[in-house]
file query.txt (compact mmCIF, C-alpha atoms (C1' of nucleotides))
# COMPACT_ATOMS: atom_id res chain seq x y z
CA MET I 568 -11.24 126.00 2.20
CA ASN I 569 -14.29 127.95 3.23
CA ILE I 570 -13.04 131.34 2.02
CA PRO I 571 -10.66 131.21 -0.93
CA GLU I 572 -8.35 134.23 -1.31
CA ASN I 573 -9.66 135.11 -4.74
CA PRO I 574 -13.07 136.72 -4.24
CA HIS I 575 -14.19 135.49 -7.64
CA THR I 576 -13.85 131.86 -6.71
CA PHE I 577 -15.93 129.63 -4.49
CA SER I 578 -15.55 126.46 -2.49
CA ILE I 579 -18.04 123.66 -2.99
CA SER I 580 -19.69 124.26 0.36
CA MET I 581 -20.09 127.95 -0.36
CA LEU I 582 -22.08 127.16 -3.47
CA ALA I 583 -23.97 124.42 -1.71
CA LYS I 584 -25.03 126.83 1.00
CA GLU I 585 -25.89 129.67 -1.35
CA PHE I 586 -28.15 127.55 -3.54
CA ASP I 587 -29.36 125.17 -0.88
CA VAL I 588 -28.17 121.96 -2.47
CA THR I 589 -25.84 119.27 -1.16
CA THR I 590 -22.20 119.03 -2.15
CA ARG I 591 -23.07 115.61 -3.51
CA THR I 592 -25.38 117.26 -5.98
CA ILE I 593 -22.72 119.67 -7.15
CA ARG I 594 -20.20 116.88 -7.60
CA PHE I 595 -22.84 114.90 -9.43
CA TYR I 596 -23.28 117.71 -11.92
CA GLU I 597 -19.54 117.71 -12.48
CA ASP I 598 -19.64 114.00 -13.02
CA LYS I 599 -22.19 114.57 -15.74
CA GLY I 600 -19.95 117.18 -17.31
CA LEU I 601 -22.12 120.18 -16.48
CA LEU I 602 -19.55 121.84 -14.24
CA THR I 603 -15.77 121.88 -14.67
CA PRO I 604 -14.14 123.49 -11.64
CA LYS I 605 -10.40 124.02 -11.38
CA ARG I 606 -8.40 122.17 -8.76
CA GLN I 607 -6.11 123.35 -6.01
CA GLY I 608 -4.44 120.07 -5.21
CA GLN I 609 -7.46 117.84 -4.75
CA THR I 610 -9.84 120.56 -3.80
CA ARG I 611 -12.32 121.98 -6.27
CA ILE I 612 -12.26 125.71 -6.97
CA TYR I 613 -15.32 127.12 -8.68
CA SER I 614 -15.26 130.21 -10.87
CA SER I 615 -18.13 132.63 -11.19
CA SER I 616 -18.78 131.02 -14.55
CA ASP I 617 -19.30 127.71 -12.77
CA ARG I 618 -21.58 129.49 -10.38
CA THR I 619 -23.64 130.85 -13.24
CA LYS I 620 -23.94 127.42 -14.78
CA LEU I 621 -25.13 125.98 -11.49
CA LYS I 622 -27.70 128.74 -11.34
CA LEU I 623 -28.90 127.84 -14.82
CA ILE I 624 -29.17 124.18 -13.91
CA LEU I 625 -31.25 124.91 -10.85
CA ARG I 626 -33.50 127.28 -12.72
CA GLY I 627 -33.94 124.51 -15.26
CA LYS I 628 -34.90 122.13 -12.50
CA ARG I 629 -37.59 124.49 -11.26
CA LEU I 630 -39.04 124.38 -14.76
CA GLY I 631 -38.90 120.61 -14.92
CA PHE I 632 -35.88 120.33 -17.20
CA THR I 633 -33.72 117.26 -17.22
CA LEU I 634 -29.99 117.72 -16.79
CA GLU I 635 -29.55 117.05 -20.49
CA GLU I 636 -31.88 119.89 -21.28
CA SER I 637 -30.02 122.14 -18.89
CA ARG I 638 -26.82 121.13 -20.59
CA ASP I 639 -28.31 122.41 -23.83
CA ILE I 640 -29.40 125.63 -22.16
CA ILE I 641 -25.86 126.19 -20.90
CA GLU I 642 -24.52 125.59 -24.37
CA MET I 643 -26.98 128.18 -25.66
CA TYR I 644 -25.67 130.72 -23.21
CA SER I 645 -22.00 130.20 -23.92
CA PRO I 646 -21.65 128.93 -27.47
CA GLY I 647 -18.38 127.10 -27.94
CA GLN I 648 -17.64 126.71 -31.64
CA ASN I 649 -18.78 129.02 -34.42
CA ASN I 650 -19.11 126.52 -37.23
CA GLU I 651 -22.09 127.35 -39.47
CA GLN I 652 -23.60 123.91 -39.02
CA GLN I 653 -23.43 124.14 -35.26
CA LEU I 654 -24.74 127.68 -35.20
CA LYS I 655 -27.82 126.70 -37.17
CA LYS I 656 -28.41 123.71 -34.99
CA LEU I 657 -28.03 125.91 -31.95
CA ILE I 658 -30.53 128.42 -33.29
CA ASP I 659 -33.00 125.64 -34.01
CA GLY I 660 -32.56 124.41 -30.46
CA ILE I 661 -33.12 127.88 -29.08
CA ARG I 662 -36.30 128.28 -31.10
CA THR I 663 -37.88 125.01 -30.08
CA ARG I 664 -36.91 125.75 -26.49
CA LYS I 665 -38.59 129.11 -26.76
CA SER I 666 -41.74 127.51 -28.12
CA ASN I 667 -41.69 125.02 -25.28
CA LEU I 668 -41.44 127.86 -22.80
CA GLN I 669 -44.36 129.49 -24.54
CA GLN I 670 -46.42 126.37 -23.95
CA GLN I 671 -45.39 126.29 -20.31
CA LEU I 672 -46.31 129.93 -19.97
CA HIS I 673 -49.76 129.15 -21.27
CA ASP I 674 -50.14 126.15 -19.00
CA ILE I 675 -49.22 128.28 -16.01
CA GLU I 676 -51.68 131.01 -16.87
CA VAL I 677 -54.55 128.56 -17.21
CA MET I 678 -53.63 126.71 -14.05
CA MET I 679 -53.30 130.01 -12.23
CA LEU I 680 -56.87 130.94 -13.14
CA ASP I 681 -58.18 127.51 -12.23
CA LEU I 682 -56.49 127.64 -8.86
CA GLN I 683 -57.88 131.10 -8.29
CA GLU I 684 -61.38 129.77 -8.83
CA SER I 685 -60.77 126.79 -6.60
CA GLU I 686 -59.49 128.97 -3.81
CA GLU I 687 -62.59 131.16 -3.96
CA ARG I 688 -64.88 128.16 -3.94
CA CYS I 689 -63.05 126.89 -0.89
CA LEU I 690 -63.31 130.26 0.84
CA ASN I 691 -67.02 130.31 0.14
CA SER I 692 -67.44 126.86 1.57
CA LEU I 693 -65.59 128.00 4.65
CA ASN I 694 -67.90 130.96 5.05
CA GLU I 695 -71.07 128.92 4.58
CA LEU I 696 -69.63 126.55 7.09
CA GLY I 697 -69.46 129.32 9.65
CA ALA I 698 -65.70 129.93 9.53
CA PRO I 699 -64.81 133.50 8.52
CA GLY I 700 -62.04 134.91 6.36
CA TYR I 701 -58.86 132.92 6.19
CA MET E 369 -63.89 98.64 -27.64
CA ASN E 370 -62.68 101.50 -29.76
CA ILE E 371 -66.02 103.34 -29.86
CA PRO E 372 -68.22 102.93 -26.78
CA GLU E 373 -71.95 103.60 -27.31
CA ASN E 374 -72.08 106.37 -24.74
CA PRO E 375 -70.45 109.42 -26.31
CA HIS E 376 -69.35 110.65 -22.89
CA THR E 377 -67.15 107.67 -22.28
CA PHE E 378 -63.83 106.65 -23.72
CA SER E 379 -61.78 103.53 -24.23
CA ILE E 380 -58.20 103.45 -23.06
CA SER E 381 -56.82 103.58 -26.57
CA MET E 382 -58.99 106.57 -27.44
CA LEU E 383 -57.47 108.54 -24.60
CA ALA E 384 -54.01 107.25 -25.40
CA LYS E 385 -54.34 108.45 -28.97
CA GLU E 386 -55.86 111.80 -28.06
CA PHE E 387 -53.14 112.70 -25.57
CA ASP E 388 -50.31 110.86 -27.24
CA VAL E 389 -49.41 108.60 -24.35
CA THR E 390 -49.24 104.82 -24.13
CA THR E 391 -51.98 102.71 -22.60
CA ARG E 392 -49.35 101.55 -20.16
CA THR E 393 -49.03 105.09 -18.91
CA ILE E 394 -52.76 105.43 -18.40
CA ARG E 395 -52.95 102.15 -16.51
CA PHE E 396 -49.99 103.25 -14.46
CA TYR E 397 -51.84 106.37 -13.38
CA GLU E 398 -54.75 104.18 -12.34
CA ASP E 399 -52.37 102.00 -10.39
CA LYS E 400 -51.26 105.10 -8.53
CA GLY E 401 -54.84 106.00 -7.79
CA LEU E 402 -55.00 109.05 -10.04
CA LEU E 403 -57.65 107.60 -12.36
CA THR E 404 -60.58 105.37 -11.43
CA PRO E 405 -62.37 104.21 -14.57
CA LYS E 406 -65.49 102.06 -14.46
CA ARG E 407 -65.39 98.54 -15.81
CA GLN E 408 -67.45 96.77 -18.44
CA GLY E 409 -66.48 93.23 -17.67
CA GLN E 410 -62.70 93.49 -17.63
CA THR E 411 -62.51 96.46 -19.92
CA ARG E 412 -61.94 99.96 -18.58
CA ILE E 413 -64.48 102.66 -19.39
CA TYR E 414 -63.33 106.22 -18.85
CA SER E 415 -65.70 109.09 -18.08
CA SER E 416 -65.09 112.66 -19.17
CA SER E 417 -64.11 113.33 -15.57
CA ASP E 418 -61.35 110.76 -15.96
CA ARG E 419 -60.38 112.47 -19.17
CA THR E 420 -60.13 115.81 -17.42
CA LYS E 421 -57.96 114.32 -14.71
CA LEU E 422 -55.64 112.85 -17.30
CA LYS E 423 -55.45 116.26 -18.91
CA LEU E 424 -54.49 117.81 -15.58
CA ILE E 425 -51.82 115.19 -15.01
CA LEU E 426 -50.24 115.81 -18.38
CA ARG E 427 -50.34 119.54 -17.94
CA GLY E 428 -48.64 118.99 -14.62
CA LYS E 429 -45.97 116.94 -16.34
CA ARG E 430 -45.25 119.73 -18.79
CA LEU E 431 -44.63 121.96 -15.80
CA GLY E 432 -42.36 119.44 -14.14
CA PHE E 433 -44.82 118.23 -11.50
CA THR E 434 -44.48 114.82 -9.95
CA LEU E 435 -47.53 112.57 -9.97
CA GLU E 436 -48.00 113.30 -6.30
CA GLU E 437 -48.18 116.98 -7.04
CA SER E 438 -50.64 116.34 -9.83
CA ARG E 439 -52.69 114.29 -7.40
CA ASP E 440 -52.86 117.38 -5.19
CA ILE E 441 -53.83 119.53 -8.14
CA ILE E 442 -56.68 117.16 -8.96
CA GLU E 443 -57.83 117.28 -5.38
CA MET E 444 -57.83 121.08 -5.60
CA TYR E 445 -60.06 120.94 -8.64
CA SER E 446 -62.59 118.53 -7.23
CA PRO E 447 -62.60 118.89 -3.45
CA GLY E 448 -63.95 115.77 -1.81
CA GLN E 449 -64.84 116.51 1.81
CA ASN E 450 -65.90 119.85 3.25
CA ASN E 451 -64.47 119.53 6.73
CA GLU E 452 -63.09 122.85 7.98
CA GLN E 453 -59.69 121.35 8.70
CA GLN E 454 -59.40 119.92 5.22
CA LEU E 455 -60.65 123.09 3.58
CA LYS E 456 -57.99 125.18 5.29
CA LYS E 457 -55.32 122.70 4.39
CA LEU E 458 -56.53 122.72 0.81
CA ILE E 459 -56.45 126.51 0.68
CA ASP E 460 -52.92 126.53 2.06
CA GLY E 461 -51.93 124.05 -0.61
CA ILE E 462 -53.51 126.16 -3.31
CA ARG E 463 -51.69 129.23 -2.11
CA THR E 464 -48.24 127.68 -1.99
CA ARG E 465 -48.90 126.13 -5.39
CA LYS E 466 -49.81 129.54 -6.72
CA SER E 467 -46.64 131.04 -5.34
CA ASN E 468 -44.64 128.23 -6.94
CA LEU E 469 -46.26 128.98 -10.26
CA GLN E 470 -45.37 132.61 -9.75
CA GLN E 471 -41.74 131.63 -9.38
CA GLN E 472 -41.91 129.49 -12.49
CA LEU E 473 -43.48 132.34 -14.37
CA HIS E 474 -40.59 134.57 -13.41
CA ASP E 475 -38.04 131.93 -14.35
CA ILE E 476 -39.64 131.56 -17.74
CA GLU E 477 -39.66 135.29 -18.41
CA VAL E 478 -35.98 135.63 -17.59
CA MET E 479 -35.01 132.57 -19.58
CA MET E 480 -37.09 133.84 -22.48
CA LEU E 481 -35.13 137.08 -22.57
CA ASP E 482 -31.82 135.29 -22.24
CA LEU E 483 -32.67 132.96 -25.10
CA GLN E 484 -33.74 135.92 -27.18
CA GLU E 485 -30.31 137.49 -26.70
CA SER E 486 -28.54 134.24 -27.44
CA GLU E 487 -30.48 133.77 -30.64
CA GLU E 488 -29.57 137.24 -31.83
CA ARG E 489 -25.92 136.70 -31.01
CA CYS E 490 -26.03 133.50 -33.01
CA LEU E 491 -27.71 135.21 -35.94
CA ASN E 492 -25.05 137.90 -35.89
CA SER E 493 -22.31 135.30 -35.89
CA LEU E 494 -23.98 133.66 -38.87
CA ASN E 495 -24.05 136.95 -40.73
CA GLU E 496 -20.44 137.80 -39.98
CA LEU E 497 -19.64 134.30 -41.11
CA GLY E 498 -21.16 135.04 -44.49
CA ALA E 499 -24.40 133.09 -44.05
CA PRO E 500 -27.49 135.27 -44.41
CA GLY E 501 -30.81 135.30 -42.56
CA TYR E 502 -31.98 131.98 -41.17
C1' DG Q 65 -1.67 116.33 19.80
C1' DC Q 66 -6.38 116.06 19.45
C1' DT Q 67 -10.88 117.47 18.04
C1' DT Q 68 -13.53 119.88 14.51
C1' DA Q 69 -14.55 121.25 10.06
C1' DC Q 70 -13.85 120.87 5.56
C1' DC Q 71 -12.40 118.36 1.64
C1' DT Q 72 -11.77 113.94 -1.23
C1' DT Q 73 -13.01 109.18 -3.74
C1' DT Q 74 -15.54 104.92 -4.29
C1' DA Q 75 -19.50 102.48 -4.33
C1' DC Q 76 -23.85 100.64 -3.35
C1' DG Q 77 -28.93 102.09 -2.53
C1' DT Q 78 -33.28 104.42 -3.70
C1' DT Q 79 -37.40 106.49 -5.94
C1' DA Q 80 -40.26 107.91 -9.75
C1' DA Q 81 -42.27 106.97 -13.97
C1' DC Q 82 -42.85 104.38 -16.93
C1' DG Q 83 -40.94 100.53 -20.96
C1' DT Q 84 -41.06 95.97 -22.46
C1' DA Q 85 -42.28 91.35 -22.80
C1' DA Q 86 -45.06 87.31 -22.07
C1' DA Q 87 -49.29 84.99 -21.93
C1' DC Q 88 -54.08 85.17 -22.38
C1' DT Q 89 -59.18 86.77 -23.61
C1' DT Q 90 -62.72 88.92 -26.45
C1' DT Q 91 -64.72 90.91 -30.48
C1' DA Q 92 -64.81 92.09 -35.46
C1' DA Q 93 -63.80 91.00 -40.07
C1' DC Q 94 -63.14 88.11 -43.78
C1' DG J 1458 -62.66 79.23 -38.29
C1' DT J 1459 -58.92 81.82 -38.18
C1' DT J 1460 -56.46 86.09 -38.50
C1' DA J 1461 -56.31 90.84 -36.63
C1' DA J 1462 -57.05 94.43 -33.37
C1' DA J 1463 -58.01 95.88 -28.95
C1' DG J 1464 -58.34 94.65 -24.38
C1' DT J 1465 -56.41 92.36 -19.87
C1' DT J 1466 -52.81 90.90 -15.92
C1' DT J 1467 -48.29 89.95 -14.10
C1' DA J 1468 -43.73 90.89 -13.69
C1' DC J 1469 -39.14 92.10 -14.49
C1' DG J 1470 -36.12 95.98 -16.58
C1' DT J 1471 -34.52 100.77 -17.10
C1' DT J 1472 -33.12 105.66 -16.48
C1' DA J 1473 -32.46 109.91 -14.02
C1' DA J 1474 -30.97 112.24 -10.15
C1' DC J 1475 -29.32 112.06 -6.54
C1' DG J 1476 -28.88 109.88 -1.08
C1' DT J 1477 -26.07 107.55 2.03
C1' DA J 1478 -22.26 105.40 3.94
C1' DA J 1479 -17.42 104.17 4.39
C1' DA J 1480 -12.71 105.38 4.60
C1' DG J 1481 -9.48 108.58 4.39
C1' DG J 1482 -6.52 113.37 3.73
C1' DT J 1483 -5.66 118.35 5.45
C1' DA J 1484 -5.71 122.53 8.08
C1' DA J 1485 -7.19 125.52 11.93
C1' DG J 1486 -8.02 126.21 16.80
C1' DC J 1487 -7.34 125.11 21.51
call {"tool": "encode", "arguments": {"input": "query.txt", "output": "structure tokens"}}
result
Amino acid sequence: MNIPENPHTFSISMLAKEFDVTTRTIRFYEDKGLLTPKRQGQTRIYSSSDRTKLKLILRGKRLGFTLEESRDIIEMYSPGQNNEQQLKKLIDGIRTRKSNLQQQLHDIEVMMLDLQESEERCLNSLNELGAPGY
Amino acid sequence: MNIPENPHTFSISMLAKEFDVTTRTIRFYEDKGLLTPKRQGQTRIYSSSDRTKLKLILRGKRLGFTLEESRDIIEMYSPGQNNEQQLKKLIDGIRTRKSNLQQQLHDIEVMMLDLQESEERCLNSLNELGAPGY
DNA sequence: GCTTACCTTTACGTTAACGTAAACTTTAAC
DNA sequence: GTTAAAGTTTACGTTAACGTAAAGGTAAGC
């Protein structure tokens, strides 16, 4: 099932290869309810929506999110129900997530500068040690 | 031992309170070799260097670093030996870390924009639903 | 018809990063 | 002199996020 007829669908190994994860990982995400592929017999068929969700999960991982947090992010992208209660709760979630990202942004900037300094100190040490530009 | 005489030292509970972590967590970091407080009898006495390291660890955590990665970060801040080999290795580490941060930065920017859109869609839904500005 | 390449399910194993509890010591306060 | 607050060690428990292995089904290529 390496190349499904429908160009807008994907096999599990296609996604695994594209995003450099194992099929086990993808199935695990399904187990946790983050992905819900269709089935052709026993075989999983992923839509481009599933693919997007997987992308979101992996981006979340790079930012240190748990799967639960990524689940929230997905929900923020594709809101299910429109109940007023739920909408407000969703908005609140989005706002605190944004403020978290703001904090992360700041952390990264500071760490970036610190690392810059460290690198230069190291390069200086290398020079003084008689080893030229690296 | 809540207020050591020396103003440049800290008790474990002082640090725990300041950074909002448990003492267990701080001792755990010591167990992993990330902190090395002095002792006054049995009691741990933390220097401001220890405090800085703890700060680095927690910043790392906010960015999704493992403790091993934070250990590397600490090493980048306070290089121990000046051997040419080690310096080069350190510089390499700094550079790949910087490029990782660059990726995270990009991820955050994109996610920020996406969340912005989502929030506005939600606010629109709220309006159409008859519930004004939130 | 047999190997190869995918796919499946089930299930036990593993690692990181602490939490939680027990049992005990030391110092400060009343 | 005893209660309270902080400190200590030891040790078992827990959760997340998969890894790894076993055992088997299907479909294509030679």
call {"tool": "calpha_fit_and_write", "arguments": {"input": "query.txt", "fixed": "chain I", "moving": "chain E", "output": "mmCIF file with C-alpha atoms, in the frame of the given file"}}
result
data_model
loop_
_atom_site.group_PDB
_atom_site.id
_atom_site.type_symbol
_atom_site.label_atom_id
_atom_site.label_comp_id
_atom_site.auth_asym_id
_atom_site.auth_seq_id
_atom_site.Cartn_x
_atom_site.Cartn_y
_atom_site.Cartn_z
ATOM 1 C CA MET E 369 -11.378 125.937 2.200
ATOM 2 C CA ASN E 370 -14.438 127.890 3.181
ATOM 3 C CA ILE E 371 -13.110 131.278 2.036
ATOM 4 C CA PRO E 372 -10.726 131.197 -0.931
ATOM 5 C CA GLU E 373 -8.421 134.231 -1.284
ATOM 6 C CA ASN E 374 -9.707 135.130 -4.724
ATOM 7 C CA PRO E 375 -13.123 136.723 -4.253
ATOM 8 C CA HIS E 376 -14.224 135.483 -7.669
ATOM 9 C CA THR E 377 -13.886 131.868 -6.712
ATOM 10 C CA PHE E 378 -15.954 129.642 -4.498
ATOM 11 C CA SER E 379 -15.582 126.474 -2.494
ATOM 12 C CA ILE E 380 -18.054 123.672 -2.975
ATOM 13 C CA SER E 381 -19.706 124.262 0.366
ATOM 14 C CA MET E 382 -20.112 127.966 -0.354
ATOM 15 C CA LEU E 383 -22.090 127.176 -3.472
ATOM 16 C CA ALA E 384 -23.995 124.429 -1.710
ATOM 17 C CA LYS E 385 -25.051 126.841 1.003
ATOM 18 C CA GLU E 386 -25.909 129.666 -1.373
ATOM 19 C CA PHE E 387 -28.161 127.540 -3.569
ATOM 20 C CA ASP E 388 -29.370 125.176 -0.898
ATOM 21 C CA VAL E 389 -28.169 121.968 -2.490
ATOM 22 C CA THR E 390 -25.847 119.276 -1.175
ATOM 23 C CA THR E 391 -22.202 119.029 -2.150
ATOM 24 C CA ARG E 392 -23.076 115.620 -3.502
ATOM 25 C CA THR E 393 -25.392 117.260 -5.980
ATOM 26 C CA ILE E 394 -22.720 119.666 -7.147
ATOM 27 C CA ARG E 395 -20.196 116.875 -7.598
ATOM 28 C CA PHE E 396 -22.822 114.902 -9.436
ATOM 29 C CA TYR E 397 -23.259 117.718 -11.927
ATOM 30 C CA GLU E 398 -19.508 117.720 -12.452
ATOM 31 C CA ASP E 399 -19.616 113.990 -12.997
ATOM 32 C CA LYS E 400 -22.155 114.595 -15.734
ATOM 33 C CA GLY E 401 -19.919 117.184 -17.306
ATOM 34 C CA LEU E 402 -22.087 120.188 -16.492
ATOM 35 C CA LEU E 403 -19.511 121.839 -14.224
ATOM 36 C CA THR E 404 -15.736 121.871 -14.637
ATOM 37 C CA PRO E 405 -14.117 123.487 -11.607
ATOM 38 C CA LYS E 406 -10.374 124.017 -11.338
ATOM 39 C CA ARG E 407 -8.402 122.161 -8.713
ATOM 40 C CA GLN E 408 -6.113 123.345 -5.947
ATOM 41 C CA GLY E 409 -4.465 120.084 -5.103
ATOM 42 C CA GLN E 410 -7.476 117.825 -4.663
ATOM 43 C CA THR E 411 -9.862 120.569 -3.728
ATOM 44 C CA ARG E 412 -12.328 121.988 -6.233
ATOM 45 C CA ILE E 413 -12.261 125.713 -6.951
ATOM 46 C CA TYR E 414 -15.323 127.117 -8.666
ATOM 47 C CA SER E 415 -15.255 130.223 -10.857
ATOM 48 C CA SER E 416 -18.161 132.621 -11.181
ATOM 49 C CA SER E 417 -18.786 131.017 -14.558
ATOM 50 C CA ASP E 418 -19.283 127.710 -12.771
ATOM 51 C CA ARG E 419 -21.591 129.487 -10.386
ATOM 52 C CA THR E 420 -23.652 130.843 -13.249
ATOM 53 C CA LYS E 421 -23.927 127.403 -14.787
ATOM 54 C CA LEU E 422 -25.127 125.972 -11.506
ATOM 55 C CA LYS E 423 -27.693 128.739 -11.360
ATOM 56 C CA LEU E 424 -28.906 127.835 -14.842
ATOM 57 C CA ILE E 425 -29.159 124.174 -13.919
ATOM 58 C CA LEU E 426 -31.254 124.904 -10.867
ATOM 59 C CA ARG E 427 -33.497 127.258 -12.750
ATOM 60 C CA GLY E 428 -33.927 124.499 -15.282
ATOM 61 C CA LYS E 429 -34.889 122.118 -12.508
ATOM 62 C CA ARG E 430 -37.584 124.468 -11.276
ATOM 63 C CA LEU E 431 -39.028 124.365 -14.769
ATOM 64 C CA GLY E 432 -38.878 120.595 -14.935
ATOM 65 C CA PHE E 433 -35.852 120.325 -17.227
ATOM 66 C CA THR E 434 -33.695 117.244 -17.237
ATOM 67 C CA LEU E 435 -29.960 117.714 -16.800
ATOM 68 C CA GLU E 436 -29.520 117.048 -20.486
ATOM 69 C CA GLU E 437 -31.848 119.886 -21.291
ATOM 70 C CA SER E 438 -30.004 122.135 -18.887
ATOM 71 C CA ARG E 439 -26.782 121.132 -20.595
ATOM 72 C CA ASP E 440 -28.296 122.409 -23.841
ATOM 73 C CA ILE E 441 -29.384 125.613 -22.162
ATOM 74 C CA ILE E 442 -25.843 126.192 -20.921
ATOM 75 C CA GLU E 443 -24.513 125.593 -24.390
ATOM 76 C CA MET E 444 -26.976 128.189 -25.686
ATOM 77 C CA TYR E 445 -25.662 130.721 -23.217
ATOM 78 C CA SER E 446 -22.002 130.189 -23.933
ATOM 79 C CA PRO E 447 -21.655 128.941 -27.502
ATOM 80 C CA GLY E 448 -18.396 127.096 -27.967
ATOM 81 C CA GLN E 449 -17.653 126.724 -31.675
ATOM 82 C CA ASN E 450 -18.772 129.039 -34.458
ATOM 83 C CA ASN E 451 -19.122 126.541 -37.267
ATOM 84 C CA GLU E 452 -22.097 127.359 -39.497
ATOM 85 C CA GLN E 453 -23.593 123.912 -39.039
ATOM 86 C CA GLN E 454 -23.422 124.156 -35.277
ATOM 87 C CA LEU E 455 -24.753 127.695 -35.230
ATOM 88 C CA LYS E 456 -27.837 126.702 -37.196
ATOM 89 C CA LYS E 457 -28.401 123.713 -34.996
ATOM 90 C CA LEU E 458 -28.040 125.912 -31.943
ATOM 91 C CA ILE E 459 -30.543 128.416 -33.306
ATOM 92 C CA ASP E 460 -33.010 125.629 -34.025
ATOM 93 C CA GLY E 461 -32.573 124.413 -30.477
ATOM 94 C CA ILE E 462 -33.136 127.881 -29.102
ATOM 95 C CA ARG E 463 -36.291 128.273 -31.120
ATOM 96 C CA THR E 464 -37.883 124.998 -30.091
ATOM 97 C CA ARG E 465 -36.907 125.738 -26.500
ATOM 98 C CA LYS E 466 -38.601 129.096 -26.776
ATOM 99 C CA SER E 467 -41.742 127.517 -28.133
ATOM 100 C CA ASN E 468 -41.695 125.015 -25.270
ATOM 101 C CA LEU E 469 -41.452 127.856 -22.804
ATOM 102 C CA GLN E 470 -44.368 129.484 -24.560
ATOM 103 C CA GLN E 471 -46.423 126.372 -23.954
ATOM 104 C CA GLN E 472 -45.394 126.294 -20.319
ATOM 105 C CA LEU E 473 -46.316 129.921 -19.977
ATOM 106 C CA HIS E 474 -49.776 129.169 -21.283
ATOM 107 C CA ASP E 475 -50.153 126.168 -19.002
ATOM 108 C CA ILE E 476 -49.220 128.283 -16.028
ATOM 109 C CA GLU E 477 -51.690 131.024 -16.892
ATOM 110 C CA VAL E 478 -54.559 128.574 -17.207
ATOM 111 C CA MET E 479 -53.634 126.719 -14.050
ATOM 112 C CA MET E 480 -53.314 130.031 -12.239
ATOM 113 C CA LEU E 481 -56.877 130.955 -13.134
ATOM 114 C CA ASP E 482 -58.179 127.528 -12.222
ATOM 115 C CA LEU E 483 -56.479 127.661 -8.842
ATOM 116 C CA GLN E 484 -57.877 131.120 -8.286
ATOM 117 C CA GLU E 485 -61.395 129.777 -8.815
ATOM 118 C CA SER E 486 -60.763 126.792 -6.594
ATOM 119 C CA GLU E 487 -59.482 128.983 -3.805
ATOM 120 C CA GLU E 488 -62.565 131.163 -3.953
ATOM 121 C CA ARG E 489 -64.849 128.152 -3.926
ATOM 122 C CA CYS E 490 -63.021 126.898 -0.870
ATOM 123 C CA LEU E 491 -63.289 130.257 0.856
ATOM 124 C CA ASN E 492 -67.007 130.315 0.158
ATOM 125 C CA SER E 493 -67.411 126.847 1.601
ATOM 126 C CA LEU E 494 -65.552 128.007 4.692
ATOM 127 C CA ASN E 495 -67.882 130.958 5.072
ATOM 128 C CA GLU E 496 -71.035 128.918 4.609
ATOM 129 C CA LEU E 497 -69.571 126.541 7.134
ATOM 130 C CA GLY E 498 -69.406 129.335 9.674
ATOM 131 C CA ALA E 499 -65.650 129.943 9.547
ATOM 132 C CA PRO E 500 -64.768 133.499 8.543
ATOM 133 C CA GLY E 501 -62.005 134.909 6.347
ATOM 134 C CA TYR E 502 -58.791 132.915 6.215
#
call {"tool": "residues_around", "arguments": {"input": "query.txt", "residues": "range 664-678 of chain I", "least_positions_apart": "2", "cutoff": "8 Å", "atoms": "only C-alpha atoms (C1' of nucleotides)", "output": "PyMOL selection string"}}
result
(chain I and resi 660-662+680-682) or (chain E and resi 427+430-431+469+473+476+480+483)
call {"tool": "residues_around", "arguments": {"input": "query.txt", "residues": "DG1486 in chain J", "least_positions_apart": "2", "cutoff": "12 Å", "atoms": "only C-alpha atoms (C1' of nucleotides)", "output": "number ranges by chain"}}
result
Q: 66-69; J: 1484
call {"tool": "interface_residues", "arguments": {"input": "query.txt", "of": "chain J", "to": "chain I", "cutoff": "12 Å", "atoms": "all atoms listed in the file", "output": "JSON, numbers by chain"}}
result
{"J": [1472, 1473, 1474, 1475, 1476, 1477, 1482, 1483, 1484, 1485]}
call {"tool": "interface_residues", "arguments": {"input": "query.txt", "of": "chain E", "to": "chain I", "cutoff": "6 Å", "atoms": "all atoms listed in the file", "output": "list of chain:residue names"}}
result
E:Leu431, E:Gly432, E:Ile459, E:Glu487
call {"tool": "atom_distance", "arguments": {"input": "query.txt", "atom1": "C1' of DT90 in chain Q", "atom2": "C1' of DG1464 in chain J"}}
result
7.5 Å
call {"tool": "closest_residue", "arguments": {"input": "query.txt", "among": "Q:DC76, Q:DA87, Q:DC71, Q:DA92", "to": "chain E", "atoms": "all atoms listed in the file"}}
result
Q:DA92
call {"tool": "closest_residue", "arguments": {"input": "query.txt", "among": "J:DC1487, J:DA1479, J:DA1463, J:DG1470", "to": "DA75 in chain Q", "atoms": "all atoms listed in the file"}}
result
J:DA1479
